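Encoded as C-alpha cells, the structure appears first; notes follow it.
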Amino acid sequence: MIDNYITGSVIKKLRENKKMTQEELAEKINVTSKAVSKWETGQGFPDISLVEPLAKALEISVIELLSGDYIQNSNRSSNMLKSRFYVCPVCGNVIRTIGETIISCCGITLPPLEPETESASTSAEDSHYIEVEPVEDEYYVSLKHPMTKEHYISFIAAVSDQSVQFTKLYPEQAAEARFKRARVKYIYAYCNHHGLYLWKAK
C-alpha cells in the first residue's frame, strides 16, 4: 500500500529544477505533453508503471519521487564523521549512511536521528550519560541504563574519520561496548525510547 502518491506540484517542481519543459519530460517517458500538463494541474495521476521512468527522467530515486522530498547527499568526500543513523520503528532495523539521504524501511520514510549532546545528560548518574574509559588502545563505553525488553540501549557506535565501529545490543545484556581508540571522534548510543545520544572526544 502506498500512503503517498506523486502530486502534480511535486512533478512540476522537480521538472522545473531540471530546467526541463513539459514536452521534454513527456518525450523522455513516452507520454504526451498534454498528459504531463494534466498531472501538474491535478487533473490526473501518472500510472504506476510510469513511476520508475519518471524518477529516472527527473534523476531522483523512486522513494524521493513518492515522498516529494529531494535530498542530495552533499558529502562527496565520504567523510565517516558525517555518518547519519536511521532506525525503523516497526522492525528495529538500524541503517547508517555517510551523509543525509532518503531511507525507507517497512514502507516508512525514516528521518535521520538527531543526537542529544553531552550537555543534555551532564550527570554521570543520568541513564543516558555515556561513560568513556580509555583502557590501553581501546575505549570501554558504558551507560547506567535499564536493559529491559521494553526500554533499552539498542546500539553503541564509535565513529572516526576513517571507520565506524558498531555494537548491536539487546535487552538483558549490559549497556557496554569496547572500541579501538584510534582516531575516534564521536561515540553514539541509541535508546529505543529517548533517541540518540552523543559523546565527543576532547
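As shown in the C-alpha cells, the chain order sets the letters A, B, ...; within each chain, residues go from 1, and ligands are also counted from 1 in the order they appear.
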
Out of range 64-184 of chain A, which residues get strand (DSSP E) from DSSP, as an MDAnalysis selection string? chainID A and resid 83:87 94:98 103:105 108:110 131:135 138:142 153:160 164:168 176:180 184

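Picture a line from CA of Asn79 in chain A to CA of Ile98 in chain A; it runs 6.9 Å.
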
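Among the candidates A:Ser160, A:Gln43, A:Thr32, A:Thr167, the one nearest to Arg181 in chain A when counting only C-alpha atoms is A:Ser160.
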
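Counting only C-alpha atoms and comparing A:Ile153, A:Ala174, A:Val164, A:Ala182, the residue that lies closest to Asp137 in chain A is A:Ala182.
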
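Between CA of Gln22 in chain A and CA of Ser67 in chain A the separation is 21.2 Å.
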
Counting only C-alpha atoms, what is within 10 Å of Thr7 in chain A, bar same-chain residues fewer than 6 positions away, as a PDB file with C-alpha atoms, in the first residue's frame?
ATOM      1  CA  TRP A  39      -0.649  15.686 -13.905  1.00  0.00           C
ATOM      2  CA  GLU A  40       0.809  19.068 -12.994  1.00  0.00           C
ATOM      3  CA  THR A  41      -2.603  20.749 -12.847  1.00  0.00           C
ATOM      4  CA  GLY A  42      -4.119  18.000 -10.715  1.00  0.00           C
ATOM      5  CA  GLY A  44      -4.827  13.138 -13.276  1.00  0.00           C
ATOM      6  CA  PHE A  45      -2.019  10.971 -11.943  1.00  0.00           C
ATOM      7  CA  PRO A  46       0.756   9.104 -13.748  1.00  0.00           C
ATOM      8  CA  LEU A  65       9.552  10.964  -6.042  1.00  0.00           C
ATOM      9  CA  LEU A  66       6.848   9.299  -3.930  1.00  0.00           C
ATOM     10  CA  SER A  67       7.753  11.213  -0.765  1.00  0.00           C
ATOM     11  CA  GLY A  68       8.005  14.565  -2.525  1.00  0.00           C
TER      12      GLY A  68
END

So, with only C-alpha atoms as the atoms that count, which of A:Ala201, A:Leu25, A:Val87, A:Ala175 lies closest to Pro112 in chain A? A:Val87

Step one, run DSSP on the backbone; step two, keep only residues of chain A assigned to helix (DSSP H, G or I); then write them as an MDAnalysis selection string. chainID A and resid 8:17 22:28 33:40 48:58 62:67 80:82 118:121

Generate a file of the selected residues that holds C-alpha atoms, formatted as a PDB file, in the first residue's frame.
ATOM      1  CA  GLY A   8       1.340  17.387  -9.718  1.00  0.00           C
ATOM      2  CA  SER A   9       3.110  20.088  -7.718  1.00  0.00           C
ATOM      3  CA  VAL A  10       5.993  17.698  -6.979  1.00  0.00           C
ATOM      4  CA  ILE A  11       6.339  16.754 -10.662  1.00  0.00           C
ATOM      5  CA  LYS A  12       6.278  20.420 -11.677  1.00  0.00           C
ATOM      6  CA  LYS A  13       8.816  21.440  -9.026  1.00  0.00           C
ATOM      7  CA  LEU A  14      11.232  18.656  -9.957  1.00  0.00           C
ATOM      8  CA  ARG A  15      10.807  19.270 -13.690  1.00  0.00           C
ATOM      9  CA  GLU A  16      11.483  22.988 -13.282  1.00  0.00           C
ATOM     10  CA  ASN A  17      14.503  22.256 -11.088  1.00  0.00           C
ATOM     11  CA  GLN A  22       6.704  19.582 -20.240  1.00  0.00           C
ATOM     12  CA  GLU A  23       7.425  18.457 -23.806  1.00  0.00           C
ATOM     13  CA  GLU A  24      10.957  17.340 -22.916  1.00  0.00           C
ATOM     14  CA  LEU A  25       9.776  15.364 -19.894  1.00  0.00           C
ATOM     15  CA  ALA A  26       6.964  13.792 -21.922  1.00  0.00           C
ATOM     16  CA  GLU A  27       9.431  12.661 -24.585  1.00  0.00           C
ATOM     17  CA  LYS A  28      11.696  11.020 -22.010  1.00  0.00           C
ATOM     18  CA  SER A  33       2.894  16.752 -23.145  1.00  0.00           C
ATOM     19  CA  LYS A  34      -0.862  17.019 -22.534  1.00  0.00           C
ATOM     20  CA  ALA A  35      -0.586  14.100 -20.069  1.00  0.00           C
ATOM     21  CA  VAL A  36       2.221  15.867 -18.175  1.00  0.00           C
ATOM     22  CA  SER A  37       0.162  19.062 -18.129  1.00  0.00           C
ATOM     23  CA  LYS A  38      -2.824  17.182 -16.656  1.00  0.00           C
ATOM     24  CA  TRP A  39      -0.649  15.686 -13.905  1.00  0.00           C
ATOM     25  CA  GLU A  40       0.809  19.068 -12.994  1.00  0.00           C
ATOM     26  CA  ILE A  48       2.094   3.238 -11.517  1.00  0.00           C
ATOM     27  CA  SER A  49       4.054   1.793 -14.474  1.00  0.00           C
ATOM     28  CA  LEU A  50       5.417   5.300 -15.147  1.00  0.00           C
ATOM     29  CA  VAL A  51       6.796   5.912 -11.645  1.00  0.00           C
ATOM     30  CA  GLU A  52      10.211   4.374 -12.305  1.00  0.00           C
ATOM     31  CA  PRO A  53      10.719   6.017 -15.742  1.00  0.00           C
ATOM     32  CA  LEU A  54       9.549   9.337 -14.285  1.00  0.00           C
ATOM     33  CA  ALA A  55      12.022   9.117 -11.415  1.00  0.00           C
ATOM     34  CA  LYS A  56      14.803   8.244 -13.870  1.00  0.00           C
ATOM     35  CA  ALA A  57      13.910  11.161 -16.141  1.00  0.00           C
ATOM     36  CA  LEU A  58      13.954  13.546 -13.174  1.00  0.00           C
ATOM     37  CA  VAL A  62      11.547   6.419  -6.674  1.00  0.00           C
ATOM     38  CA  ILE A  63      11.355   6.959  -2.896  1.00  0.00           C
ATOM     39  CA  GLU A  64      12.169  10.658  -3.317  1.00  0.00           C
ATOM     40  CA  LEU A  65       9.552  10.964  -6.042  1.00  0.00           C
ATOM     41  CA  LEU A  66       6.848   9.299  -3.930  1.00  0.00           C
ATOM     42  CA  SER A  67       7.753  11.213  -0.765  1.00  0.00           C
ATOM     43  CA  MET A  80      32.838   8.972   8.055  1.00  0.00           C
ATOM     44  CA  LEU A  81      32.430  11.784  10.602  1.00  0.00           C
ATOM     45  CA  LYS A  82      29.299  12.803   8.689  1.00  0.00           C
ATOM     46  CA  GLU A 118      26.670  15.504  26.427  1.00  0.00           C
ATOM     47  CA  SER A 119      25.136  18.699  27.806  1.00  0.00           C
ATOM     48  CA  ALA A 120      21.719  17.043  27.684  1.00  0.00           C
ATOM     49  CA  SER A 121      22.886  14.460  30.239  1.00  0.00           C
TER      50      SER A 121
END

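Using only C-alpha atoms, the shortest contact distance between Val94 in chain A and any of A:Leu113, A:Gln162, A:Val184, A:Lys144 is found at A:Leu113.
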
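Of the residues under consideration (A:Ser61, A:Ser154, A:Ser104, A:Thr148), A:Ser154 shows the shortest atom-to-atom contact distance to Gly195 in chain A when counting only C-alpha atoms.
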